>>> print(open('coords_31.txt').read())   # compact mmCIF, C-alpha atoms
# COMPACT_ATOMS: atom_id res chain seq x y z
CA MET A 4 -1.96 -6.58 28.87
CA ALA A 5 0.78 -4.03 28.25
CA GLU A 6 0.65 -2.19 24.92
CA GLU A 7 3.51 -3.01 22.54
CA LEU A 8 4.32 -0.27 20.05
CA LYS A 9 7.14 -0.45 17.52
CA LEU A 10 7.87 2.24 14.96
CA PHE A 11 9.83 1.31 11.84
CA ARG A 12 11.45 4.51 10.59
CA THR A 13 14.58 6.18 9.27
CA TRP A 14 16.48 8.91 11.09
CA SER A 15 15.33 11.62 8.68
CA SER A 16 11.88 10.60 7.37
CA PRO A 17 9.42 13.52 7.75
CA PHE A 18 6.56 11.03 7.51
CA ALA A 19 7.88 8.97 10.40
CA LEU A 20 8.32 12.21 12.32
CA ARG A 21 4.56 12.72 12.14
CA VAL A 22 4.02 9.46 13.95
CA ILE A 23 6.63 10.35 16.57
CA HIS A 24 4.91 13.68 17.22
CA ALA A 25 1.53 11.99 17.64
CA LEU A 26 2.90 9.31 19.97
CA LYS A 27 4.69 11.93 22.08
CA ILE A 28 1.59 14.14 22.33
CA LYS A 29 -0.45 11.12 23.43
CA GLY A 30 2.22 10.23 25.99
CA LEU A 31 2.76 6.75 24.56
CA GLU A 32 5.87 4.62 24.98
CA TYR A 33 7.24 3.02 21.82
CA GLU A 34 10.33 1.35 20.40
CA ASN A 35 12.22 2.93 17.52
CA ILE A 36 13.42 0.48 14.87
CA PHE A 37 15.69 2.26 12.41
CA GLU A 38 15.76 1.02 8.83
CA ASP A 39 18.38 1.29 6.12
CA LEU A 40 16.24 1.69 3.01
CA SER A 41 19.09 0.52 0.80
CA SER A 42 18.94 -2.81 2.65
CA LYS A 43 15.45 -3.22 4.07
CA SER A 44 14.93 -5.62 6.92
CA ALA A 45 12.86 -8.77 6.62
CA SER A 46 10.56 -7.38 9.30
CA LEU A 47 9.81 -4.21 7.33
CA LEU A 48 9.07 -6.24 4.19
CA GLN A 49 6.84 -8.52 6.23
CA TYR A 50 4.88 -5.68 7.83
CA ASN A 51 4.62 -3.53 4.70
CA PRO A 52 4.82 -5.91 1.71
CA VAL A 53 2.85 -3.55 -0.55
CA ASN A 54 4.91 -0.34 -0.45
CA LYS A 55 7.98 -1.63 1.39
CA LYS A 56 8.60 1.73 3.04
CA VAL A 57 8.50 3.54 6.37
CA PRO A 58 6.84 4.50 8.58
CA VAL A 59 5.14 1.39 9.89
CA LEU A 60 3.60 1.34 13.35
CA VAL A 61 3.24 -2.13 14.83
CA HIS A 62 0.68 -2.27 17.64
CA ASN A 63 0.60 -5.56 19.53
CA GLY A 64 1.90 -7.34 16.43
CA LYS A 65 -0.49 -5.64 13.98
CA PRO A 66 1.08 -3.29 11.38
CA ILE A 67 -0.42 0.03 10.29
CA CYS A 68 1.13 1.74 7.24
CA GLU A 69 1.09 5.25 5.73
CA SER A 70 1.67 8.17 8.07
CA LEU A 71 -1.71 9.90 7.78
CA VAL A 72 -3.51 6.59 8.27
CA ILE A 73 -1.31 5.92 11.30
CA LEU A 74 -2.21 9.33 12.78
CA GLU A 75 -5.91 8.51 12.56
CA TYR A 76 -5.34 5.06 14.04
CA ILE A 77 -3.45 6.55 16.98
CA ASP A 78 -6.17 9.13 17.57
CA GLU A 79 -8.98 6.57 17.46
CA THR A 80 -7.14 4.07 19.66
CA TRP A 81 -5.94 6.44 22.39
CA LYS A 82 -8.51 9.10 23.25
CA GLN A 83 -6.33 11.42 25.38
CA CYS A 84 -5.19 14.67 23.75
CA PRO A 85 -7.45 14.33 20.67
CA LEU A 86 -5.84 15.25 17.35
CA LEU A 87 -8.71 15.31 14.86
CA PRO A 88 -11.66 17.69 15.31
CA ARG A 89 -14.90 16.13 16.52
CA ASP A 90 -17.05 18.14 14.11
CA PRO A 91 -17.50 16.06 10.89
CA TYR A 92 -17.03 19.05 8.58
CA GLU A 93 -13.90 20.27 10.37
CA LYS A 94 -12.56 16.71 10.32
CA ALA A 95 -13.16 16.46 6.57
CA GLU A 96 -11.41 19.82 6.06
CA ALA A 97 -8.39 18.68 8.04
CA ARG A 98 -8.14 15.52 5.96
CA PHE A 99 -8.47 17.52 2.73
CA TRP A 100 -5.62 19.90 3.58
CA ALA A 101 -3.39 17.10 4.83
CA LYS A 102 -3.87 15.38 1.47
CA PHE A 103 -3.21 18.68 -0.30
CA GLY A 104 0.09 18.96 1.56
CA ASP A 105 1.23 15.50 0.53
CA GLU A 106 -0.05 15.45 -3.03
CA LYS A 107 0.52 19.07 -4.09
CA LEU A 108 2.72 21.11 -1.77
CA LEU A 109 5.41 18.51 -1.21
CA SER A 110 6.10 18.18 -4.94
CA LEU A 111 6.31 21.98 -5.27
CA ILE A 112 8.83 22.20 -2.44
CA TRP A 113 10.81 19.39 -4.08
CA ASN A 114 10.89 21.39 -7.34
CA VAL A 115 12.47 24.28 -5.44
CA LEU A 116 15.19 21.96 -4.17
CA ILE A 117 16.16 20.56 -7.56
CA THR A 118 16.10 23.70 -9.72
CA GLN A 119 18.19 26.84 -10.20
CA GLY A 120 18.08 30.10 -12.11
CA LYS A 121 14.81 30.97 -13.81
CA GLN A 122 13.34 27.55 -13.03
CA LEU A 123 14.05 28.13 -9.36
CA GLU A 124 12.28 31.50 -9.49
CA GLU A 125 9.22 29.91 -11.09
CA ALA A 126 9.23 26.97 -8.67
CA THR A 127 9.56 29.31 -5.67
CA ALA A 128 6.70 31.54 -6.87
CA GLU A 129 4.39 28.53 -7.29
CA ALA A 130 5.35 27.13 -3.90
CA VAL A 131 4.69 30.47 -2.17
CA GLN A 132 1.33 30.77 -3.93
CA ASN A 133 0.27 27.44 -2.47
CA LEU A 134 1.72 28.25 0.96
CA LYS A 135 -0.63 31.24 0.96
CA LEU A 136 -3.58 28.84 0.61
CA ILE A 137 -2.38 27.06 3.73
CA GLU A 138 -1.91 30.31 5.62
CA GLU A 139 -5.57 31.15 4.99
CA GLN A 140 -6.51 28.18 7.19
CA LEU A 141 -4.81 29.83 10.19
CA LYS A 142 -7.04 32.90 10.60
CA ASP A 143 -7.51 33.75 14.30
CA LYS A 144 -5.79 30.50 15.34
CA LYS A 145 -2.46 29.69 16.94
CA PHE A 146 -2.46 26.20 15.43
CA PHE A 147 -4.53 24.67 12.65
CA GLY A 148 -6.35 22.74 15.36
CA GLY A 149 -6.99 25.83 17.50
CA GLU A 150 -5.01 26.50 20.68
CA THR A 151 -3.33 23.10 20.77
CA ILE A 152 -1.44 21.02 18.21
CA GLY A 153 -3.70 18.69 16.26
CA TYR A 154 -3.83 16.39 13.25
CA LEU A 155 -3.30 19.05 10.58
CA ASP A 156 -0.43 20.67 12.46
CA ILE A 157 1.32 17.30 12.60
CA ALA A 158 0.51 16.63 8.94
CA PHE A 159 2.10 19.96 7.95
CA GLY A 160 4.93 19.60 10.47
CA TRP A 161 7.39 18.56 7.76
CA THR A 162 7.21 22.09 6.30
CA VAL A 163 8.64 23.60 9.49
CA ASN A 164 11.85 21.60 9.30
CA LEU A 165 12.27 21.06 5.58
CA ILE A 166 11.50 24.59 4.41
CA SER A 167 13.99 26.20 6.81
CA ILE A 168 16.66 23.74 5.65
CA LEU A 169 15.79 24.40 2.03
CA GLU A 170 15.96 28.16 2.58
CA GLU A 171 19.49 27.78 3.91
CA ILE A 172 20.56 25.62 0.98
CA ILE A 173 19.19 27.90 -1.75
CA ASP A 174 19.86 31.11 0.22
CA GLN A 175 16.32 32.34 -0.39
CA LYS A 176 13.21 32.83 1.76
CA LEU A 177 10.06 30.85 1.06
CA VAL A 178 8.16 31.81 4.19
CA ASP A 179 8.68 35.54 4.65
CA GLU A 180 7.41 37.03 7.93
CA GLU A 181 5.89 40.01 6.13
CA LYS A 182 4.27 38.10 3.26
CA LEU A 183 3.18 35.05 5.27
CA PRO A 184 2.93 36.30 8.87
CA LEU A 185 0.43 33.71 10.11
CA LEU A 186 2.30 30.77 8.63
CA SER A 187 5.60 32.12 9.91
CA ALA A 188 4.16 32.48 13.44
CA TRP A 189 2.67 28.98 13.27
CA MET A 190 6.02 27.49 12.24
CA GLN A 191 7.68 29.15 15.23
CA ASN A 192 4.93 28.06 17.64
CA PHE A 193 5.00 24.49 16.35
CA SER A 194 8.78 24.21 16.38
CA ASP A 195 9.06 25.68 19.90
CA ASP A 196 6.51 23.36 21.47
CA PRO A 197 8.31 21.31 24.15
CA VAL A 198 7.06 17.99 22.75
CA ILE A 199 7.98 18.87 19.17
CA LYS A 200 11.36 20.58 19.60
CA ASP A 201 13.06 17.49 21.04
CA CYS A 202 12.12 15.33 18.05
CA TRP A 203 13.82 17.14 15.18
CA PRO A 204 16.63 15.24 13.42
CA PRO A 205 20.14 16.81 13.54
CA ARG A 206 20.03 19.91 11.36
CA ASP A 207 23.58 19.65 10.06
CA LYS A 208 22.97 16.09 8.89
CA MET A 209 19.71 17.14 7.21
CA ILE A 210 21.43 19.97 5.34
CA THR A 211 24.17 17.62 4.17
CA LYS A 212 21.57 15.08 3.04
CA TYR A 213 19.47 17.52 1.03
CA GLN A 214 22.50 19.23 -0.51
CA ALA A 215 23.60 15.80 -1.72
CA MET A 216 20.12 15.14 -3.11
CA ARG A 217 20.15 18.51 -4.93
CA GLU A 218 23.55 18.24 -6.62
CA PRO A 219 22.79 15.52 -9.24
CA TYR A 220 19.82 17.51 -10.55
CA LEU A 221 21.87 20.68 -10.90
CA LYS A 222 24.68 18.83 -12.67
CA LYS A 223 22.15 17.31 -15.03
CA VAL A 224 20.86 20.76 -15.97
CA VAL A 225 24.38 22.09 -16.55
CA SER A 226 25.29 19.16 -18.82
CA GLN A 227 22.25 19.61 -21.05
>>> encode(input="coords_31.txt", output="structure tokens")
Amino acid sequence: MAEELKLFRTWSSPFALRVIHALKIKGLEYENIFEDLSSKSASLLQYNPVNKKVPVLVHNGKPICESLVILEYIDETWKQCPLLPRDPYEKAEARFWAKFGDEKLLSLIWNVLITQGKQLEEATAEAVQNLKLIEEQLKDKKFFGGETIGYLDIAFGWTVNLISILEEIIDQKLVDEEKLPLLSAWMQNFSDDPVIKDCWPPRDKMITKYQAMREPYLKKVVSQ
């Protein structure tokens, strides 16, 4: 029986992009179903009634939700081009840092987006401090997974796109080549990979989107 894969996503979701990267690396065919989150489809609500958000991967009619969970499902279901390390300790480490990225780093990067002045300086310093922790995981490695892109690279993939867009918006560097050389090199290697580079959303649209997201917070600060 032919595999049926449907991915419910938005055009810009960094979490959906993780799933796309994994599917592409595995060489899997899938159908994109784009959602308008201001008017969610009945199908999305049916497949993800708990969180009502994307991404949702539907495999032969069965939905899998949450991007990191989806990555593991993909890796366990299709064995080619393994993403997670086989070693139990290395696998646990990869899961830990992926969770760190979502639960800690993402909120710090968001704080950089929505602040200015002294608050922006403080937010940037804290973000860079935590980016250094991530860089330490790259010692003697091209990718977090070694010589090829793996689970943790895909989990951190959002930083490659979002941080460069954020740097342009705030006109300030977060990942400096001199201060974070390993992370900077990884971002370039990841972004330039033939499978990855064709998946990025339109940069001009992303900049417009995040500028629009930033403005209400800055106006709120000014009015206080």
>>> residues_around(input="coords_31.txt", residues="A:Ser16", least_positions_apart="2", cutoff="10 Å", atoms="all atoms listed in the file", output="JSON, numbers by chain")
{"A": [12, 13, 14, 18, 19, 20, 21, 57, 58, 161, 204]}
>>> closest_atom_pairs(input="coords_31.txt", of="stretch 156-212 of chain A", to="stretch 88-112 of chain A", cutoff="10 Å", atoms="only C-alpha atoms", output="JSON lines")
{"residue": "A:Asp156", "atom": "CA", "partner": "A:Ala101", "partner_atom": "CA", "distance": 8.9}
{"residue": "A:Ile157", "atom": "CA", "partner": "A:Ala101", "partner_atom": "CA", "distance": 9.1}
{"residue": "A:Ala158", "atom": "CA", "partner": "A:Ala101", "partner_atom": "CA", "distance": 5.7}
{"residue": "A:Phe159", "atom": "CA", "partner": "A:Gly104", "partner_atom": "CA", "distance": 6.8}
{"residue": "A:Trp161", "atom": "CA", "partner": "A:Leu109", "partner_atom": "CA", "distance": 9.2}
{"residue": "A:Thr162", "atom": "CA", "partner": "A:Leu109", "partner_atom": "CA", "distance": 8.5}
{"residue": "A:Leu165", "atom": "CA", "partner": "A:Ile112", "partner_atom": "CA", "distance": 8.8}
{"residue": "A:Ile166", "atom": "CA", "partner": "A:Ile112", "partner_atom": "CA", "distance": 7.7}
{"residue": "A:Leu169", "atom": "CA", "partner": "A:Ile112", "partner_atom": "CA", "distance": 8.6}
{"residue": "A:Leu177", "atom": "CA", "partner": "A:Ile112", "partner_atom": "CA", "distance": 9.4}
>>> atom_distance(input="coords_31.txt", atom1="atom CA of A:Gln83", atom2="atom CA of A:Val22")
15.5 Å
>>> closest_atom_pairs(input="coords_31.txt", of="stretch 77-184 of chain A", to="stretch 205-226 of chain A", cutoff="9 Å", atoms="all atoms listed in the file", output="tab-separated table")
residue	atom	partner	partner_atom	distance
A:Leu116	CA	A:Arg217	CA	6.1
A:Ile117	CA	A:Arg217	CA	5.2
A:Thr118	CA	A:Leu221	CA	6.6
A:Gln119	CA	A:Leu221	CA	7.2
A:Asn164	CA	A:Arg206	CA	8.6
A:Leu165	CA	A:Met209	CA	8.6
A:Ile168	CA	A:Ile210	CA	6.1
A:Leu169	CA	A:Tyr213	CA	7.9
A:Glu171	CA	A:Ile210	CA	8.2
A:Ile172	CA	A:Gln214	CA	6.8
>>> closest_residue(input="coords_31.txt", among="A:Leu47, A:Gly160, A:Glu180, A:Tyr154", to="A:Glu79", atoms="all atoms listed in the file")
A:Tyr154
>>> closest_residue(input="coords_31.txt", among="A:Ala130, A:Ala188, A:Gly120, A:His62", to="A:Lys142", atoms="only C-alpha atoms")
A:Ala188
>>> residues_around(input="coords_31.txt", residues="A:Leu60", least_positions_apart="6", cutoff="9 Å", atoms="only C-alpha atoms", output="PyMOL selection string")
chain A and resi 8-12+22+66-70+73
>>> closest_residue(input="coords_31.txt", among="A:Ile152, A:Leu87, A:Val178, A:Ala128", to="A:Phe193", atoms="all atoms listed in the file")
A:Ile152
>>> closest_residue(input="coords_31.txt", among="A:Gln175, A:Ala25, A:Trp189, A:Gly149", to="A:Glu75", atoms="only C-alpha atoms")
A:Ala25
>>> closest_residue(input="coords_31.txt", among="A:Leu74, A:Leu40, A:Val115, A:Cys84", to="A:Asp174", atoms="all atoms listed in the file")
A:Val115
